[in-house]
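Okay, protein-v4.txt is below, compact mmCIF, C-alpha atoms and all ligand atoms:
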# COMPACT_ATOMS: atom_id res chain seq x y z
CA MET R 1 -2.59 -5.73 -23.91
CA SER R 2 -4.57 -5.08 -27.07
CA ASP R 3 -8.36 -4.85 -27.40
CA GLU R 4 -8.06 -6.34 -30.86
CA GLN R 5 -9.86 -9.60 -31.62
CA LEU R 6 -7.70 -12.29 -33.21
CA LEU R 7 -8.56 -15.64 -34.75
CA PHE R 8 -5.80 -18.23 -35.01
CA VAL R 9 -6.92 -20.44 -37.90
CA ASN R 10 -5.60 -23.38 -39.95
CA ALA R 11 -3.43 -24.97 -37.27
CA SER R 12 -2.76 -28.65 -38.03
CA GLN R 13 -3.18 -29.24 -34.28
CA VAL R 14 -4.04 -27.02 -31.35
CA VAL R 15 -2.41 -28.45 -28.23
CA THR R 16 -4.72 -26.99 -25.60
CA CYS R 17 -3.54 -28.64 -22.35
CA GLN R 18 -7.04 -27.64 -21.22
CA GLY R 19 -8.11 -28.73 -17.77
CA PRO R 20 -8.14 -27.65 -14.14
CA ALA R 21 -6.04 -24.66 -13.05
CA ARG R 22 -3.54 -26.71 -11.06
CA ALA R 23 -0.62 -29.08 -11.53
CA ARG R 24 -1.45 -32.32 -13.36
CA ARG R 25 -0.38 -35.64 -11.88
CA GLY R 26 -0.56 -39.33 -12.73
CA GLY R 27 -2.84 -40.19 -15.65
CA GLU R 28 -3.81 -36.52 -16.05
CA MET R 29 -0.40 -35.86 -17.56
CA ALA R 30 -1.06 -38.36 -20.35
CA ASP R 31 -3.59 -36.01 -21.98
CA ALA R 32 -2.23 -32.84 -23.58
CA GLY R 33 -5.62 -31.95 -25.08
CA VAL R 34 -4.51 -32.20 -28.71
CA ARG R 35 -7.30 -31.03 -31.02
CA THR R 36 -7.62 -30.88 -34.78
CA GLY R 37 -10.08 -28.86 -36.84
CA VAL R 38 -10.31 -26.06 -34.29
CA ALA R 39 -9.42 -22.38 -34.24
CA VAL R 40 -8.67 -20.11 -31.28
CA ALA R 41 -10.30 -16.73 -30.64
CA VAL R 42 -8.40 -14.12 -28.64
CA GLU R 43 -9.86 -10.97 -27.15
CA SER R 44 -8.05 -8.33 -25.07
CA GLY R 45 -4.95 -10.52 -24.88
CA CYS R 46 -6.80 -13.57 -23.51
CA VAL R 47 -8.19 -16.73 -25.03
CA ALA R 48 -11.92 -16.22 -25.59
CA ALA R 49 -12.88 -19.54 -27.20
CA VAL R 50 -11.57 -22.73 -28.83
CA ASP R 51 -14.04 -24.01 -31.42
CA THR R 52 -14.44 -24.82 -35.10
CA MET R 53 -13.27 -22.17 -37.52
CA ALA R 54 -16.81 -21.75 -38.88
CA ALA R 55 -18.30 -21.19 -35.42
CA LEU R 56 -15.63 -18.69 -34.42
CA ARG R 57 -15.78 -16.81 -37.74
CA ALA R 58 -19.51 -16.32 -37.14
CA ARG R 59 -18.99 -15.10 -33.57
CA TYR R 60 -15.90 -12.96 -34.19
CA SER R 61 -16.60 -11.54 -37.64
CA ALA R 62 -14.45 -8.45 -37.03
CA ALA R 63 -11.45 -10.44 -35.82
CA ARG R 64 -8.10 -10.27 -37.61
CA GLU R 65 -7.16 -13.75 -38.79
CA ILE R 66 -3.74 -15.25 -38.21
CA ASP R 67 -3.10 -18.16 -40.57
CA CYS R 68 -1.14 -20.89 -38.75
CA GLU R 69 -0.35 -22.51 -42.13
CA GLU R 70 -0.98 -26.11 -41.02
CA ARG R 71 1.51 -25.91 -38.15
CA VAL R 72 1.15 -26.79 -34.46
CA LEU R 73 -0.16 -24.11 -32.09
CA MET R 74 0.47 -24.75 -28.41
CA PRO R 75 0.75 -22.87 -25.13
CA GLY R 76 4.02 -20.93 -24.92
CA LEU R 77 6.61 -23.01 -23.05
CA VAL R 78 7.01 -22.18 -19.35
CA ASP R 79 10.65 -22.38 -18.24
CA SER R 80 10.39 -22.44 -14.46
CA HIS R 81 14.11 -22.70 -13.60
CA THR R 82 16.89 -20.47 -15.00
CA HIS R 83 19.90 -18.54 -13.77
CA ALA R 84 19.87 -16.14 -16.73
CA ILE R 85 21.66 -13.18 -15.13
CA PHE R 86 25.40 -13.76 -15.40
CA GLY R 87 28.46 -12.19 -16.93
CA ARG R 88 30.97 -14.22 -18.87
CA PRO R 89 30.20 -17.75 -20.05
CA ARG R 90 32.32 -20.49 -18.43
CA PHE R 91 33.13 -22.51 -21.55
CA GLU R 92 36.64 -23.52 -20.36
CA GLU R 93 35.15 -25.81 -17.73
CA GLN R 94 33.58 -28.12 -20.29
CA GLU R 95 37.01 -29.31 -21.51
CA MET R 96 38.29 -29.53 -17.95
CA ARG R 97 35.41 -31.86 -17.05
CA ALA R 98 36.06 -33.91 -20.18
CA ALA R 99 39.67 -34.27 -19.06
CA GLY R 100 38.44 -35.68 -15.75
CA LEU R 101 38.88 -32.66 -13.46
CA ASP R 102 36.35 -32.60 -10.63
CA TYR R 103 34.37 -29.66 -9.25
CA MET R 104 36.99 -28.88 -6.57
CA GLU R 105 39.87 -28.85 -9.04
CA ILE R 106 37.93 -26.64 -11.48
CA ALA R 107 37.23 -24.24 -8.60
CA ARG R 108 40.96 -24.28 -7.66
CA ARG R 109 41.78 -23.23 -11.21
CA GLY R 110 39.48 -20.22 -10.91
CA GLY R 111 36.31 -21.76 -12.34
CA GLY R 112 33.00 -22.82 -10.84
CA ILE R 113 30.22 -20.77 -9.34
CA HIS R 114 32.60 -18.48 -7.41
CA SER R 115 34.08 -17.27 -10.70
CA SER R 116 30.58 -16.24 -11.80
CA VAL R 117 30.19 -14.45 -8.45
CA ARG R 118 33.48 -12.53 -8.85
CA ASP R 119 32.52 -11.63 -12.40
CA LEU R 120 28.99 -10.44 -11.63
CA ARG R 121 30.15 -8.26 -8.74
CA GLU R 122 32.43 -6.34 -11.13
CA ARG R 123 29.69 -5.59 -13.64
CA SER R 124 27.26 -2.70 -13.73
CA GLU R 125 23.50 -3.09 -13.82
CA GLU R 126 23.56 -1.79 -17.43
CA GLU R 127 26.09 -4.42 -18.55
CA LEU R 128 24.14 -7.24 -16.93
CA LEU R 129 20.92 -5.92 -18.46
CA SER R 130 22.33 -5.93 -21.94
CA LEU R 131 23.81 -9.45 -21.59
CA ALA R 132 20.58 -10.85 -20.17
CA ARG R 133 18.41 -9.13 -22.76
CA SER R 134 20.08 -10.98 -25.63
CA ARG R 135 20.17 -14.27 -23.72
CA LEU R 136 16.46 -14.12 -22.90
CA SER R 137 15.70 -13.37 -26.53
CA ARG R 138 17.52 -16.63 -27.40
CA LEU R 139 15.25 -18.47 -24.93
CA ALA R 140 12.20 -16.80 -26.49
CA SER R 141 13.32 -17.85 -29.97
CA PHE R 142 12.83 -21.52 -28.99
CA GLY R 143 9.19 -21.06 -27.92
CA THR R 144 9.48 -19.98 -24.28
CA THR R 145 7.01 -17.26 -23.30
CA THR R 146 7.29 -17.43 -19.50
CA VAL R 147 10.65 -17.64 -17.78
CA GLU R 148 11.68 -17.74 -14.15
CA VAL R 149 14.98 -15.95 -13.51
CA LYS R 150 17.00 -16.37 -10.31
CA SER R 151 19.57 -14.14 -8.65
CA GLY R 152 22.39 -15.94 -6.86
CA TYR R 153 25.72 -14.84 -8.36
CA GLY R 154 25.89 -11.76 -6.12
CA LEU R 155 25.90 -13.23 -2.59
CA THR R 156 26.07 -9.77 -0.96
CA LEU R 157 23.05 -7.61 -0.19
CA GLU R 158 24.14 -5.04 -2.75
CA ASP R 159 24.93 -7.50 -5.55
CA GLU R 160 21.81 -9.60 -5.02
CA LEU R 161 19.64 -6.44 -5.15
CA LYS R 162 21.56 -5.33 -8.26
CA THR R 163 20.73 -8.66 -9.94
CA LEU R 164 17.07 -8.50 -8.94
CA ARG R 165 16.81 -4.93 -10.26
CA VAL R 166 18.12 -6.17 -13.61
CA ILE R 167 15.41 -8.87 -13.61
CA ASP R 168 12.81 -6.24 -12.69
CA ARG R 169 13.88 -4.00 -15.58
CA LEU R 170 13.74 -6.94 -18.00
CA ARG R 171 10.29 -7.80 -16.69
CA ARG R 172 9.06 -4.29 -17.51
CA GLU R 173 10.88 -4.02 -20.82
CA LEU R 174 10.47 -7.39 -22.57
CA PRO R 175 7.26 -8.94 -23.89
CA MET R 176 8.15 -12.29 -22.24
CA ARG R 177 6.55 -12.99 -18.87
CA ILE R 178 9.36 -13.00 -16.31
CA VAL R 179 9.12 -14.38 -12.75
CA PRO R 180 11.90 -13.23 -10.37
CA THR R 181 13.40 -15.53 -7.71
CA PHE R 182 15.78 -14.53 -4.92
CA LEU R 183 18.55 -17.13 -4.61
CA GLY R 184 20.96 -15.44 -2.20
CA ALA R 185 21.37 -18.97 -0.78
CA HIS R 186 22.95 -20.31 -3.99
CA GLU R 187 26.30 -20.93 -2.27
CA ILE R 188 28.18 -19.96 0.88
CA PRO R 189 30.29 -16.98 -0.30
CA LEU R 190 34.08 -17.37 -0.03
CA SER R 191 34.11 -14.55 2.56
CA HIS R 192 32.04 -16.71 4.95
CA ARG R 193 33.67 -20.12 4.65
CA GLY R 194 36.35 -19.73 7.32
CA SER R 195 34.48 -20.94 10.40
CA ALA R 196 31.07 -22.11 11.55
CA ALA R 197 30.48 -18.62 12.94
CA ASP R 198 31.28 -17.05 9.56
CA ARG R 199 28.85 -19.41 7.90
CA GLN R 200 26.14 -18.65 10.44
CA ALA R 201 26.76 -14.93 9.88
CA TYR R 202 25.85 -15.36 6.20
CA VAL R 203 22.68 -17.32 7.04
CA ASP R 204 21.80 -14.50 9.46
CA LEU R 205 22.46 -11.95 6.74
CA LEU R 206 20.10 -13.83 4.42
CA ILE R 207 17.37 -14.05 7.04
CA HIS R 208 17.65 -10.65 8.71
CA GLU R 209 18.81 -8.34 5.92
CA MET R 210 18.54 -9.75 2.43
CA ILE R 211 15.08 -11.36 2.60
CA PRO R 212 13.47 -8.32 4.28
CA ALA R 213 15.06 -5.98 1.71
CA VAL R 214 13.96 -8.14 -1.24
CA ALA R 215 10.42 -8.39 0.15
CA THR R 216 10.16 -4.67 0.96
CA GLU R 217 11.31 -3.67 -2.52
CA ARG R 218 9.02 -6.33 -4.06
CA LEU R 219 11.88 -7.58 -6.20
CA ALA R 220 11.09 -11.31 -6.08
CA ARG R 221 8.06 -13.58 -6.10
CA PHE R 222 9.99 -16.65 -4.91
CA ALA R 223 12.91 -17.45 -2.64
CA ASP R 224 15.06 -20.50 -3.38
CA VAL R 225 17.86 -22.34 -1.53
CA PHE R 226 20.54 -24.73 -2.79
CA CYS R 227 20.02 -27.57 -0.30
CA GLU R 228 22.84 -30.04 -0.92
CA SER R 229 25.75 -31.67 0.84
CA GLY R 230 28.52 -29.03 0.99
CA VAL R 231 26.12 -26.14 0.33
CA TYR R 232 23.10 -25.46 2.64
CA THR R 233 22.04 -28.08 5.17
CA VAL R 234 18.42 -29.12 5.56
CA GLU R 235 18.19 -27.15 8.82
CA GLU R 236 19.70 -23.99 7.30
CA SER R 237 17.41 -24.36 4.27
CA ARG R 238 14.38 -24.73 6.52
CA ALA R 239 15.30 -21.58 8.48
CA ILE R 240 15.92 -19.50 5.33
CA LEU R 241 12.75 -20.65 3.56
CA THR R 242 10.62 -20.19 6.66
CA ALA R 243 11.87 -16.61 6.95
CA ALA R 244 11.16 -16.04 3.26
CA ARG R 245 7.67 -17.36 3.59
CA SER R 246 7.01 -15.15 6.62
CA ALA R 247 8.15 -12.18 4.52
CA GLY R 248 5.50 -13.02 1.92
CA LEU R 249 7.61 -14.85 -0.65
CA LEU R 250 6.67 -18.18 -2.21
CA ILE R 251 9.34 -20.87 -1.86
CA LYS R 252 11.32 -23.29 -4.02
CA LEU R 253 14.24 -25.58 -3.34
CA HIS R 254 17.24 -26.97 -5.27
CA ALA R 255 16.89 -30.48 -3.86
CA ASP R 256 18.73 -33.81 -4.05
CA GLU R 257 20.71 -33.01 -7.20
CA LEU R 258 23.84 -35.01 -6.39
CA THR R 259 23.08 -36.95 -3.21
CA PRO R 260 19.87 -37.99 -1.42
CA TYR R 261 19.95 -35.27 1.21
CA GLY R 262 16.37 -34.82 2.41
CA GLY R 263 15.62 -31.85 0.17
CA ALA R 264 12.47 -33.36 -1.35
CA GLU R 265 11.13 -34.22 2.10
CA LEU R 266 11.85 -30.66 3.28
CA ALA R 267 10.15 -29.14 0.22
CA ALA R 268 7.05 -31.28 0.79
CA SER R 269 6.93 -30.53 4.52
CA LEU R 270 7.15 -26.78 3.90
CA GLY R 271 4.60 -26.90 1.07
CA ALA R 272 7.14 -25.45 -1.35
CA THR R 273 5.78 -24.59 -4.79
CA SER R 274 8.52 -26.70 -6.41
CA ALA R 275 11.48 -28.96 -5.63
CA ASP R 276 14.01 -28.85 -8.45
CA HIS R 277 16.69 -31.28 -9.82
CA LEU R 278 15.92 -34.48 -7.78
CA ALA R 279 18.37 -36.66 -9.73
CA ALA R 280 19.31 -38.34 -6.43
CA VAL R 281 15.92 -38.20 -4.67
CA SER R 282 15.34 -41.02 -2.17
CA ASP R 283 12.31 -43.33 -1.98
CA ALA R 284 11.17 -41.39 1.09
CA GLY R 285 11.53 -38.15 -0.88
CA ILE R 286 9.40 -39.52 -3.73
CA ALA R 287 6.73 -40.66 -1.26
CA ALA R 288 6.73 -37.25 0.47
CA LEU R 289 6.30 -35.42 -2.83
CA GLY R 290 3.56 -37.84 -3.92
CA ALA R 291 1.58 -37.07 -0.78
CA GLY R 292 1.89 -33.28 -1.15
CA SER R 293 1.37 -30.57 -3.74
CA THR R 294 4.97 -29.60 -4.54
CA VAL R 295 5.87 -29.78 -8.24
CA ALA R 296 9.00 -31.84 -9.06
CA THR R 297 10.94 -29.80 -11.63
CA LEU R 298 13.36 -32.01 -13.56
CA LEU R 299 16.35 -30.56 -15.42
CA PRO R 300 17.64 -33.28 -17.77
CA GLY R 301 19.85 -30.87 -19.73
CA THR R 302 22.06 -30.35 -16.68
CA MET R 303 22.85 -34.04 -16.24
CA LEU R 304 23.43 -34.39 -19.98
CA PHE R 305 25.83 -31.43 -20.11
CA LEU R 306 27.73 -32.59 -17.03
CA GLY R 307 28.18 -36.00 -18.66
CA LYS R 308 26.36 -37.82 -15.87
CA ALA R 309 24.86 -41.19 -16.63
CA LYS R 310 22.18 -40.67 -14.01
CA GLN R 311 18.94 -38.77 -14.57
CA ALA R 312 16.09 -38.04 -12.15
CA PRO R 313 13.78 -41.07 -11.67
CA ALA R 314 10.97 -39.47 -13.64
CA ARG R 315 8.90 -42.63 -14.10
CA ARG R 316 8.97 -43.42 -10.40
CA LEU R 317 7.97 -39.84 -9.60
CA LEU R 318 5.12 -40.00 -12.14
CA GLU R 319 3.97 -43.37 -10.85
CA ALA R 320 3.94 -42.00 -7.30
CA GLY R 321 1.54 -39.28 -8.47
CA VAL R 322 4.07 -36.45 -8.25
CA PRO R 323 3.33 -33.54 -10.65
CA VAL R 324 6.43 -33.28 -12.86
CA ALA R 325 7.67 -30.18 -14.71
CA LEU R 326 10.61 -29.80 -17.11
CA ALA R 327 12.91 -26.75 -17.32
CA THR R 328 16.24 -25.78 -18.90
CA ASP R 329 18.23 -24.71 -15.78
CA PHE R 330 19.81 -22.19 -18.21
CA ASN R 331 23.05 -21.11 -16.45
CA PRO R 332 26.71 -20.49 -17.31
CA GLY R 333 28.19 -23.52 -15.53
CA THR R 334 26.07 -26.62 -15.92
CA SER R 335 23.35 -25.98 -18.54
CA PRO R 336 24.09 -23.17 -20.99
CA THR R 337 21.26 -24.03 -23.39
CA PRO R 338 18.34 -21.76 -24.27
CA ASN R 339 16.66 -24.66 -26.12
CA PHE R 340 13.52 -25.73 -24.25
CA PRO R 341 12.28 -28.16 -26.94
CA LEU R 342 15.56 -30.03 -26.39
CA MET R 343 14.36 -30.62 -22.81
CA LEU R 344 11.26 -32.29 -24.26
CA ALA R 345 13.51 -34.53 -26.36
CA LEU R 346 15.49 -35.46 -23.23
CA GLY R 347 12.25 -35.86 -21.30
CA VAL R 348 11.15 -38.55 -23.73
CA SER R 349 14.50 -40.22 -24.51
CA GLN R 350 16.24 -39.97 -21.11
CA LEU R 351 13.39 -39.67 -18.61
CA ARG R 352 11.09 -42.08 -20.50
CA MET R 353 8.16 -39.71 -20.50
CA SER R 354 5.45 -39.87 -23.15
CA VAL R 355 5.17 -36.88 -25.46
CA ALA R 356 1.95 -35.83 -23.72
CA GLU R 357 3.67 -36.04 -20.33
CA ALA R 358 6.62 -33.98 -21.59
CA VAL R 359 4.28 -31.38 -23.11
CA THR R 360 2.21 -31.14 -19.93
CA ALA R 361 5.42 -30.88 -17.90
CA SER R 362 6.57 -27.95 -20.07
CA THR R 363 3.32 -25.97 -20.01
CA VAL R 364 0.67 -26.58 -17.32
CA ASN R 365 3.08 -28.00 -14.75
CA GLY R 366 5.74 -25.36 -15.50
CA ALA R 367 3.02 -22.80 -14.77
CA ALA R 368 2.15 -24.62 -11.53
CA ALA R 369 5.84 -24.54 -10.55
CA LEU R 370 5.56 -20.74 -10.76
CA ALA R 371 2.13 -20.45 -9.09
CA LEU R 372 0.70 -19.27 -12.43
CA SER R 373 -1.74 -22.16 -13.02
CA ASP R 374 -4.67 -19.81 -13.56
CA ALA R 375 -2.87 -17.54 -16.04
CA VAL R 376 -0.64 -19.46 -18.46
CA GLY R 377 0.12 -22.99 -19.69
CA GLN R 378 -3.23 -23.71 -21.36
CA ILE R 379 -5.08 -22.61 -24.48
CA ALA R 380 -8.43 -22.32 -22.73
CA PRO R 381 -10.94 -19.52 -22.15
CA GLY R 382 -9.66 -16.94 -19.68
CA TYR R 383 -5.99 -17.86 -20.11
CA SER R 384 -3.47 -15.36 -21.39
CA ALA R 385 -2.93 -15.69 -25.16
CA ASP R 386 0.66 -16.88 -24.68
CA PHE R 387 1.29 -19.20 -27.63
CA ALA R 388 4.13 -20.84 -29.53
CA LEU R 389 3.63 -21.82 -33.17
CA PHE R 390 5.99 -24.62 -34.24
CA ASP R 391 6.85 -25.54 -37.82
CA ILE R 392 5.72 -29.16 -37.43
CA ARG R 393 2.47 -30.94 -38.34
CA ASP R 394 2.19 -33.20 -35.29
CA VAL R 395 3.17 -32.37 -31.71
CA ARG R 396 5.14 -35.62 -31.56
CA GLU R 397 7.65 -33.93 -33.89
CA LEU R 398 8.54 -31.42 -31.16
CA PRO R 399 10.80 -33.81 -29.18
CA TYR R 400 11.73 -35.68 -32.37
CA TRP R 401 13.73 -33.01 -34.28
CA TYR R 402 16.04 -32.77 -31.31
CA GLY R 403 18.34 -29.78 -31.17
CA ASP R 404 16.55 -28.06 -34.05
CA ASN R 405 14.62 -24.83 -33.63
CA ARG R 406 11.18 -25.22 -35.21
CA CYS R 407 9.61 -22.25 -33.41
CA ALA R 408 8.12 -19.90 -36.02
CA ILE R 409 6.65 -17.26 -33.73
CA THR R 410 5.54 -16.74 -30.15
CA PHE R 411 2.77 -14.54 -28.77
CA VAL R 412 2.43 -13.13 -25.27
CA ARG R 413 -0.91 -11.57 -24.30
CA GLY R 414 -1.89 -11.91 -27.97
CA LYS R 415 1.04 -9.87 -29.25
CA PRO R 416 4.00 -11.24 -31.21
CA CYS R 417 6.90 -11.75 -28.81
CA HIS R 418 9.51 -13.44 -30.99
CA THR R 419 9.49 -14.13 -34.74
CA SER R 420 11.97 -16.39 -36.52
CA HIS R 421 12.87 -16.77 -40.18
CA LEU R 422 10.15 -19.49 -40.19
CA GLY R 423 7.60 -16.86 -39.12
CA LEU R 424 4.19 -16.28 -40.63
CA THR R 425 4.01 -15.31 -44.28
ZN ZN R 501 19.47 -24.10 -10.62

As structure tokens, what does this structure read like?
Ligand SMILES: [Zn+2]
Amino acid sequence: MSDEQLLFVNASQVVTCQGPARARRGGEMADAGVRTGVAVAVESGCVAAVDTMAALRARYSAAREIDCEERVLMPGLVDSHTHAIFGRPRFEEQEMRAAGLDYMEIARRGGGIHSSVRDLRERSEEELLSLARSRLSRLASFGTTTVEVKSGYGLTLEDELKTLRVIDRLRRELPMRIVPTFLGAHEIPLSHRGSAADRQAYVDLLIHEMIPAVATERLARFADVFCESGVYTVEESRAILTAARSAGLLIKLHADELTPYGGAELAASLGATSADHLAAVSDAGIAALGAGSTVATLLPGTMLFLGKAKQAPARRLLEAGVPVALATDFNPGTSPTPNFPLMLALGVSQLRMSVAEAVTASTVNGAAALALSDAVGQIAPGYSADFALFDIRDVRELPYWYGDNRCAITFVRGKPCHTSHLGLT
């Protein structure tokens, strides 16, 4: 953090997302707080004021000015769902899927999540660190300033802790804000698939060894479970998440991605911070989320990349008053994109969200999905000066130039985090 005073001036628009420090829902999501003719003052790494340039120049006469050159300044994007720690990319599977091979056949040919598990177990902490460092810098280059990173390709105590230590080192080393999540319940490891007793032994390992170790070493803020037919049952998920919560971790859930399985209802009943995916959420699941405080994190890039026609029922979730967030699901199998603005494009074109809804879902509600509502996701007094400056004149261009990278520069705590060739002159 720097004590320096900064003034961000000459933005064509400042997208403030200003409002209460909690997830937005319903009509609240339709207002992204777009302002013209204002500047932003930053002091000690935090937003001090949003006001006219003349007013702020008078109040902060010693401030260094940053000329936004008639571009759009907005809160740095908050990517609340990634699996960014992995070894080799699994590009072969894309052609296999195109040729009609299903998940089981791809796994039989050595692909799928278990191939990422085998690969990660063979790699050192240093190797994983160096791979993740360059991948996270790709995410940052698209305007992301806060990123959640999950473990989950280790599936042994040792390999899960190794993954979380890599995330912890990245958190200390990189300017991006990184939120670690323990996902030892990403899959049932191959070593525990023989019998019901084997399977129960892994659930016991999660509850009695892994979660206590992760909590004691303070290596994760969240615990997550893949609750899905063929992976973890609702009852197993409930037991794992309850243990995690007792150990002091916040909880999330991969819910109802492929089949309506009761994941959304479970997330709501446990008061989970977020329920993620939800492409197959049931009416009862939507109602349960609407009545609670869990954020629905939608991952439209995953369905696009897998070639699925179906997307999460975003409009029905929004109409039921569910706070909706967007995220990349960056991972080597089903969503290998670092491009968060592309998720806004898909949010508008596939999920039928308005631009304001997609922007709110990618900032304020992403922050809420990480229990960071009072720290990031808004350009408002007291919030961290985590910004993305995009080379566009109107925020509606952000989802429009789909696939392009218009991010000129990002700031975290008032300091440049990533600069592109479009950067400030
Ligand atoms: Zn995921």

Exercise for the section: Write as a list in words the residues around ligand ZN 501 (chain R), taking 7 Å as the cut-off and counting all atoms listed in the file. Expected result: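 Those residues are His81, Thr82, His83, His254 and Asp329 of chain R.
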
Exercise for the section: Go through R:Thr419, R:Thr52, R:Asn405, R:Thr242 and flag the residue nearest R:Phe8, using only C-alpha atoms for the distances. Expected result: R:Thr52

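For the atom pair formed by atom CA of R:Gln311 and atom CA of R:Arg25, the distance is 19.8 Å, given to one decimal.
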
Problem - Of the listed residues R:Tyr383, R:Thr156, R:Leu250, R:Val322, that which approaches R:Ala264 most closely, counting all atoms listed in the file - result: R:Val322

Handout entry: Pick from R:His186, R:His208, R:Lys308, R:His277 nearest to R:Ser237, counting only C-alpha atoms
Key = R:His186

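Using all atoms listed in the file for every distance, the candidate list R:Pro323, R:Gly152, R:Gly76, R:Gly285 yields R:Gly76 as the residue closest to R:Ala388.
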
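When the distance limit is 8 Å and only C-alpha atoms are what count, the residues near stretch 108-123 of chain R, minus those fewer than 3 positions from it on the same chain, are Phe86, Gly87, Arg88, Arg90, Glu93, Tyr103, Met104, Glu105, Glu127, Leu128, Tyr153, Gly154, Leu155, Asp159, Pro189, Leu190, Pro332 and Gly333 of chain R.
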
Write the residues of the selection above to a file with C-alpha atoms, as an mmCIF file, in the frame of the given file.
data_model
loop_
_atom_site.group_PDB
_atom_site.id
_atom_site.type_symbol
_atom_site.label_atom_id
_atom_site.label_comp_id
_atom_site.auth_asym_id
_atom_site.auth_seq_id
_atom_site.Cartn_x
_atom_site.Cartn_y
_atom_site.Cartn_z
ATOM 1 C CA PHE R 86 25.400 -13.760 -15.400
ATOM 2 C CA GLY R 87 28.460 -12.190 -16.930
ATOM 3 C CA ARG R 88 30.970 -14.220 -18.870
ATOM 4 C CA ARG R 90 32.320 -20.490 -18.430
ATOM 5 C CA GLU R 93 35.150 -25.810 -17.730
ATOM 6 C CA TYR R 103 34.370 -29.660 -9.250
ATOM 7 C CA MET R 104 36.990 -28.880 -6.570
ATOM 8 C CA GLU R 105 39.870 -28.850 -9.040
ATOM 9 C CA GLU R 127 26.090 -4.420 -18.550
ATOM 10 C CA LEU R 128 24.140 -7.240 -16.930
ATOM 11 C CA TYR R 153 25.720 -14.840 -8.360
ATOM 12 C CA GLY R 154 25.890 -11.760 -6.120
ATOM 13 C CA LEU R 155 25.900 -13.230 -2.590
ATOM 14 C CA ASP R 159 24.930 -7.500 -5.550
ATOM 15 C CA PRO R 189 30.290 -16.980 -0.300
ATOM 16 C CA LEU R 190 34.080 -17.370 -0.030
ATOM 17 C CA PRO R 332 26.710 -20.490 -17.310
ATOM 18 C CA GLY R 333 28.190 -23.520 -15.530
#

Handout entry: Contact residues around R:Val38 with all atoms listed in the file at 9 Å, ignoring same-chain residues under 3 positions, as a list in words
Key =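 The neighbour list is Val9, Asn10, Ala11, Ser12, Gln13, Val14, Arg35, Val50, Asp51, Thr52 and Met53 of chain R.
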
Written selection (C-alpha atoms) as a tab-separated table (two decimals), keeping the file's coordinate frame:
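Result written to selection.tsv:
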chain	number	residue	atom	x	y	z
R	9	VAL	CA	-6.92	-20.44	-37.90
R	10	ASN	CA	-5.60	-23.38	-39.95
R	11	ALA	CA	-3.43	-24.97	-37.27
R	12	SER	CA	-2.76	-28.65	-38.03
R	13	GLN	CA	-3.18	-29.24	-34.28
R	14	VAL	CA	-4.04	-27.02	-31.35
R	35	ARG	CA	-7.30	-31.03	-31.02
R	50	VAL	CA	-11.57	-22.73	-28.83
R	51	ASP	CA	-14.04	-24.01	-31.42
R	52	THR	CA	-14.44	-24.82	-35.10
R	53	MET	CA	-13.27	-22.17	-37.52

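In this structure, atom CA of R:Thr334 sits 23.8 Å away from atom CA of R:Leu161.
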